[in-house]
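Text of coords.txt (compact mmCIF, C-alpha atoms) as supplied:
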# COMPACT_ATOMS: atom_id res chain seq x y z
CA MET A 40 51.32 60.83 110.39
CA ARG A 41 53.87 59.19 112.67
CA TYR A 42 56.19 58.33 109.76
CA PRO A 43 55.56 59.71 106.25
CA CYS A 44 57.63 56.93 104.71
CA LEU A 45 57.25 53.26 105.59
CA VAL A 46 60.12 51.06 104.40
CA ALA A 47 58.83 47.51 104.59
CA ASP A 48 60.63 44.24 104.17
CA HIS A 49 58.66 41.72 102.12
CA ASP A 50 59.12 38.09 103.17
CA ASP A 51 57.77 37.27 106.63
CA THR A 52 56.87 40.92 107.14
CA VAL A 53 54.08 41.61 104.64
CA VAL A 54 53.60 38.10 103.26
CA ASP A 55 53.89 34.74 105.02
CA SER A 56 56.44 33.37 102.59
CA THR A 57 59.05 31.30 104.43
CA ALA A 58 56.62 28.75 105.86
CA THR A 59 54.48 28.58 102.71
CA VAL A 60 57.04 28.99 99.89
CA HIS A 61 60.74 29.33 100.73
CA PHE A 62 61.12 26.52 103.24
CA PRO A 63 59.11 24.00 101.16
CA CYS A 64 61.34 24.94 98.22
CA PHE A 65 64.46 24.49 100.35
CA LYS A 66 63.27 21.07 101.55
CA GLN A 67 62.51 19.98 98.00
CA TYR A 68 65.88 21.20 96.73
CA THR A 69 67.97 19.68 99.51
CA ALA A 70 66.10 16.36 99.30
CA GLU A 71 67.26 16.14 95.69
CA PHE A 72 70.77 17.59 95.88
CA TYR A 73 71.81 17.65 99.58
CA PRO A 74 69.94 14.81 101.30
CA HIS A 75 72.22 15.06 104.36
CA ALA A 76 70.80 18.53 105.13
CA ASP A 77 67.93 17.62 107.44
CA TYR A 78 66.32 20.93 108.46
CA THR A 79 63.20 21.74 110.41
CA LEU A 80 61.43 25.04 109.82
CA GLU A 81 62.66 26.30 113.20
CA ARG A 82 66.29 25.49 112.43
CA TYR A 83 65.97 27.05 108.99
CA LEU A 84 64.55 30.26 110.49
CA LYS A 85 67.24 30.42 113.17
CA GLU A 86 70.12 30.03 110.72
CA ASN A 87 68.52 32.37 108.21
CA PHE A 88 68.41 34.96 111.00
CA HIS A 89 72.01 34.31 112.01
CA PRO A 90 74.49 33.75 110.46
CA GLY A 91 72.34 34.21 107.32
CA ILE A 92 71.24 32.33 104.22
CA ILE A 93 74.61 32.42 102.42
CA GLU A 94 76.40 30.94 105.43
CA LEU A 95 73.62 28.36 105.76
CA PHE A 96 74.17 27.28 102.16
CA ARG A 97 77.94 27.09 102.66
CA SER A 98 77.47 24.98 105.80
CA ILE A 99 75.72 22.24 103.81
CA GLY A 100 78.46 22.22 101.18
CA MET A 101 77.38 24.66 98.47
CA SER A 102 79.99 26.41 96.36
CA ASP A 103 79.35 29.76 94.67
CA GLU A 104 78.39 27.86 91.51
CA ASP A 105 76.05 25.62 93.51
CA MET A 106 74.34 28.69 94.98
CA LEU A 107 73.67 30.03 91.50
CA HIS A 108 72.04 26.70 90.64
CA GLU A 109 69.95 26.86 93.82
CA GLN A 110 68.98 30.44 93.01
CA ARG A 111 67.66 29.41 89.59
CA TYR A 112 65.76 26.50 91.15
CA TRP A 113 64.32 28.77 93.85
CA ASN A 114 63.32 31.46 91.36
CA ALA A 115 61.45 28.93 89.21
CA TYR A 116 59.64 27.61 92.30
CA VAL A 117 58.73 31.09 93.55
CA LYS A 118 57.24 32.01 90.18
CA GLU A 119 54.67 29.25 90.66
CA HIS A 120 53.84 29.93 94.34
CA THR A 121 52.33 33.15 95.72
CA PRO A 122 52.55 33.59 99.50
CA PRO A 123 49.51 34.97 101.35
CA VAL A 124 49.51 38.42 102.95
CA TYR A 125 49.37 38.47 106.75
CA PRO A 126 45.85 39.36 107.93
CA GLY A 127 45.70 43.08 108.64
CA MET A 128 48.72 44.11 106.55
CA ARG A 129 46.57 44.89 103.50
CA GLU A 130 44.52 47.38 105.52
CA ILE A 131 47.62 49.00 107.03
CA LEU A 132 49.37 49.50 103.70
CA TRP A 133 46.28 50.83 101.92
CA ARG A 134 45.49 53.25 104.75
CA HIS A 135 49.09 54.49 104.81
CA LYS A 136 48.90 55.19 101.07
CA ARG A 137 45.44 56.77 101.23
CA GLU A 138 46.63 59.17 103.92
CA GLY A 139 49.48 60.33 101.70
CA GLY A 140 52.25 58.08 102.95
CA VAL A 141 55.09 56.76 100.83
CA LEU A 142 55.58 52.99 100.73
CA CYS A 143 58.97 51.51 99.86
CA VAL A 144 60.09 47.88 99.86
CA VAL A 145 63.64 46.75 100.62
CA SER A 146 63.88 43.00 100.27
CA HIS A 147 66.08 40.06 99.37
CA SER A 148 63.39 38.87 96.95
CA TYR A 149 63.31 39.87 93.30
CA THR A 150 61.29 42.94 92.36
CA GLU A 151 59.20 41.00 89.82
CA ASN A 152 58.13 38.54 92.54
CA ILE A 153 57.39 41.33 95.01
CA LEU A 154 55.18 43.09 92.46
CA ARG A 155 53.40 39.78 91.70
CA ASP A 156 52.77 39.19 95.41
CA TYR A 157 51.45 42.72 95.88
CA ARG A 158 49.20 42.45 92.85
CA GLU A 159 47.77 39.01 93.68
CA ASN A 160 47.20 39.95 97.33
CA ASP A 161 45.47 43.25 96.39
CA LEU A 162 48.14 45.45 97.97
CA PRO A 163 48.99 49.02 96.89
CA GLU A 164 51.88 49.25 94.45
CA PRO A 165 55.05 50.42 96.26
CA ASP A 166 56.59 53.76 95.35
CA MET A 167 60.10 52.29 95.28
CA ILE A 168 61.46 48.74 95.45
CA PHE A 169 65.02 47.59 96.13
CA GLY A 170 65.20 43.86 95.41
CA TRP A 171 67.74 41.08 95.11
CA GLU A 172 68.57 41.97 91.51
CA SER A 173 70.36 45.09 92.80
CA PRO A 174 74.18 44.96 92.93
CA ALA A 175 75.43 43.44 96.19
CA GLU A 176 76.65 46.82 97.45
CA GLU A 177 73.15 48.24 97.05
CA ARG A 178 71.29 45.50 98.98
CA LYS A 179 70.52 45.64 102.67
CA PRO A 180 72.23 45.67 105.13
CA ASN A 181 74.07 48.30 103.08
CA PRO A 182 72.65 51.80 103.64
CA TYR A 183 72.15 52.53 99.92
CA PRO A 184 68.38 51.84 99.77
CA LEU A 185 67.60 54.20 102.65
CA GLN A 186 69.99 56.84 101.34
CA ARG A 187 68.31 56.70 97.93
CA ILE A 188 64.80 56.82 99.44
CA MET A 189 65.70 59.89 101.52
CA GLU A 190 67.40 61.57 98.56
CA LYS A 191 64.54 60.95 96.13
CA GLY A 192 61.73 61.66 98.60
CA GLY A 193 63.35 64.58 100.40
CA PHE A 194 63.00 62.78 103.74
CA SER A 195 65.07 63.13 106.87
CA PRO A 196 65.99 59.96 108.82
CA SER A 197 63.31 60.75 111.41
CA GLU A 198 60.60 60.54 108.71
CA LEU A 199 61.36 56.90 107.84
CA LEU A 200 60.44 53.70 109.64
CA VAL A 201 61.97 50.35 108.66
CA LEU A 202 59.68 47.36 109.33
CA ASP A 203 61.52 44.04 109.12
CA ASP A 204 61.78 40.62 110.73
CA LEU A 205 65.52 40.04 110.29
CA LYS A 206 68.86 41.53 111.31
CA PRO A 207 69.94 42.89 107.87
CA GLY A 208 67.03 45.34 108.01
CA TYR A 209 68.00 46.32 111.55
CA ASP A 210 71.63 46.85 110.52
CA MET A 211 70.58 48.96 107.53
CA ALA A 212 68.35 51.17 109.66
CA ARG A 213 71.02 51.63 112.31
CA SER A 214 73.60 52.68 109.70
CA CYS A 215 71.34 55.59 108.69
CA GLY A 216 69.90 56.61 112.06
CA VAL A 217 66.45 55.44 111.00
CA ASP A 218 63.93 53.99 113.47
CA PHE A 219 63.40 50.24 113.28
CA ALA A 220 60.26 48.28 114.11
CA ALA A 221 60.80 44.55 114.55
CA VAL A 222 58.23 42.09 113.26
CA GLY A 223 57.35 39.39 115.77
CA TRP A 224 54.37 37.84 114.01
CA SER A 225 56.34 35.62 111.63
CA ASN A 226 57.80 33.22 114.21
CA ASP A 227 57.90 32.30 117.91
CA ILE A 228 61.61 31.52 118.18
CA PRO A 229 62.86 32.78 121.57
CA GLU A 230 66.40 33.62 120.41
CA ILE A 231 65.15 35.85 117.60
CA GLU A 232 62.53 37.54 119.76
CA ALA A 233 65.06 38.19 122.55
CA PHE A 234 67.50 39.87 120.16
CA MET A 235 64.83 42.00 118.57
CA ARG A 236 63.22 43.08 121.84
CA HIS A 237 66.58 44.00 123.34
CA ASN A 238 68.08 45.85 120.39
CA CYS A 239 65.29 47.36 118.29
CA ASP A 240 63.41 50.62 118.77
CA TYR A 241 60.06 48.84 118.69
CA TYR A 242 58.85 45.25 118.71
CA PHE A 243 55.38 44.09 117.68
CA LYS A 244 54.10 40.57 118.20
CA THR A 245 50.94 40.98 116.11
CA VAL A 246 49.93 42.91 113.01
CA PRO A 247 47.02 44.70 114.79
CA GLU A 248 49.41 45.80 117.57
CA PHE A 249 51.65 47.39 114.95
CA GLY A 250 48.70 49.01 113.17
CA GLU A 251 47.36 50.59 116.36
CA TRP A 252 50.78 52.02 117.20
CA PHE A 253 51.54 53.15 113.64
CA PHE A 254 48.30 55.11 113.28
CA GLY A 255 48.07 56.15 116.93
CA GLU A 256 44.59 54.72 117.43
CA ASP A 257 42.57 51.50 117.46
CA PHE A 258 43.02 49.69 114.20
Could I get this file's structure written as structure tokens?
Amino acid sequence: MRYPCLVADHDDTVVDSTATVHFPCFKQYTAEFYPHADYTLERYLKENFHPGIIELFRSIGMSDEDMLHEQRYWNAYVKEHTPPVYPGMREILWRHKREGGVLCVVSHSYTENILRDYRENDLPEPDMIFGWESPAEERKPNPYPLQRIMEKGGFSPSELLVLDDLKPGYDMARSCGVDFAAVGWSNDIPEIEAFMRHNCDYYFKTVPEFGEWFFGEDF
């Protein structure tokens, strides 16, 4: 096994959630409360990548209190909308588990929503989840999730692989000396791809490409 422990992001890594859930929610919310915020999906993805979602919200005029309101709105929307798994990810995760691998999720989504998405997409239940409900100092890009996974599982940094589509996952992996595989199947934005290809240990444009590399054979 190339990596005994796979640490996967959730949104736009395992499930196709921004295009199908998060961006439609954002458009609906801003149309009602911030009609001046005219975003395309590409612009939303770019700004979510850098400088990040909090800075994006501040740029359209949200205060801390406003962001709490948006969070409640978003959470209610997400509860009613399940994103689809990317084709091929189900087979990768089940095979990893069947072969004795540990599967952890480190995400900026809530654990209850992650578990719902895994259940409704027939994915194996993760061994550990670190979601948005964690204290701020325990969320990625902070190293806490990886430190806890290594402590609990008895893993060394070389036994973990972080799979993520955004920079917070990259920063978290770097802080712990853990290998990072960048997801390229969630968007075709040149700026994001250029950063990931230049800085990350590995970059995969398709799910099958990742699967073949991860298992060391045709997948």
Show me the residues close to (67.6, 45.4, 91.2) - anything with an atom within 10 Å, counting all atoms listed in the file - and format the list as a PyMOL selection string. chain A and resi 147-151+168-175+177-178
Sorted per-residue table, segment 117-213 of chain A near segment 71-89 of chain A, closest atoms and distance, 9 Å, all atoms listed in the file, as a tab-separated table:
residue	atom	partner	partner_atom	distance
A:Asp204	CA	A:Phe88	CA	8.7
A:Leu205	CA	A:Phe88	CA	5.9
A:Lys206	CA	A:Phe88	CA	6.6
A:Pro207	CA	A:Phe88	CA	8.7
Restricting it to C-alpha atoms, dump the selection as a PDB file, in the coordinates of the input.
ATOM      1  CA  ASP A 204      61.780  40.620 110.730  1.00  0.00           C
ATOM      2  CA  LEU A 205      65.520  40.040 110.290  1.00  0.00           C
ATOM      3  CA  LYS A 206      68.860  41.530 111.310  1.00  0.00           C
ATOM      4  CA  PRO A 207      69.940  42.890 107.870  1.00  0.00           C
TER       5      PRO A 207
END
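With distances restricted to only C-alpha atoms, A:Ala47 is the closest residue to Leu132 of chain A from A:Ala47, A:Ile93, A:Leu200, A:Leu154.
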If you measure from atom CA of Met106 of chain A to atom CA of Arg187 of chain A, what distance in Å do you get, rounded to one decimal? 28.8 Å
Mind pulling up the distance from atom CA of Cys44 of chain A to atom CA of His237 of chain A? 24.4 Å
If you count all atoms listed in the file, the residue of A:Gly139, A:Pro180, A:Pro123, A:Pro63 closest to Ile153 of chain A turns out to be A:Pro123
Mind giving me the straight-line distance from atom CA of Pro163 of chain A to atom CA of Trp133 of chain A in Å, one decimal?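 Between atom CA of Pro163 of chain A and atom CA of Trp133 of chain A the gap works out to 6.0 Å.
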Which of these, A:His108, A:Arg236, A:Lys136, A:Arg155, has the shortest distance to Tyr68 of chain A once you count all atoms listed in the file?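 With all atoms listed in the file as the atom set, the closest residue is A:His108.
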Restricting the calculation to all atoms listed in the file, which member of A:Met167, A:Leu199, A:Val54, A:Met101 is positioned closest to Thr69 of chain A?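 Among the listed residues, the smallest separation from Thr69 of chain A belongs to A:Met101.
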Would you kindly place N, CA and C atoms on segment 61-76 of chain A and return the model as a compact mmCIF listing (two decimals), in the coordinates of the input?
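Written file, out.txt:
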# COMPACT_ATOMS: atom_id res chain seq x y z
N HIS A 61 59.28 29.47 100.74
CA HIS A 61 60.74 29.33 100.73
C HIS A 61 61.24 28.06 101.42
N PHE A 62 60.67 27.74 102.57
CA PHE A 62 61.12 26.52 103.24
C PHE A 62 60.69 25.26 102.48
N PRO A 63 59.45 25.17 101.99
CA PRO A 63 59.11 24.00 101.16
C PRO A 63 60.03 23.86 99.95
N CYS A 64 60.41 24.98 99.34
CA CYS A 64 61.34 24.94 98.22
C CYS A 64 62.70 24.42 98.67
N PHE A 65 63.18 24.92 99.80
CA PHE A 65 64.46 24.49 100.35
C PHE A 65 64.45 23.00 100.65
N LYS A 66 63.37 22.50 101.24
CA LYS A 66 63.27 21.07 101.55
C LYS A 66 63.27 20.24 100.26
N GLN A 67 62.57 20.70 99.27
CA GLN A 67 62.51 19.98 98.00
C GLN A 67 63.88 19.95 97.34
N TYR A 68 64.56 21.09 97.37
CA TYR A 68 65.88 21.20 96.73
C TYR A 68 66.91 20.34 97.45
N THR A 69 66.96 20.43 98.77
CA THR A 69 67.97 19.68 99.51
C THR A 69 67.68 18.17 99.46
N ALA A 70 66.42 17.79 99.42
CA ALA A 70 66.10 16.36 99.30
C ALA A 70 66.69 15.78 98.02
N GLU A 71 66.74 16.61 96.98
CA GLU A 71 67.26 16.14 95.69
C GLU A 71 68.77 16.24 95.59
N PHE A 72 69.35 17.33 96.11
CA PHE A 72 70.77 17.59 95.88
C PHE A 72 71.64 17.50 97.14
N TYR A 73 71.05 17.68 98.33
CA TYR A 73 71.81 17.65 99.58
C TYR A 73 71.02 16.86 100.63
N PRO A 74 70.82 15.58 100.40
CA PRO A 74 69.94 14.81 101.30
C PRO A 74 70.44 14.74 102.75
N HIS A 75 71.72 15.05 102.98
CA HIS A 75 72.22 15.06 104.36
C HIS A 75 71.74 16.27 105.15
N ALA A 76 71.23 17.28 104.47
CA ALA A 76 70.80 18.53 105.13
C ALA A 76 69.37 18.36 105.64
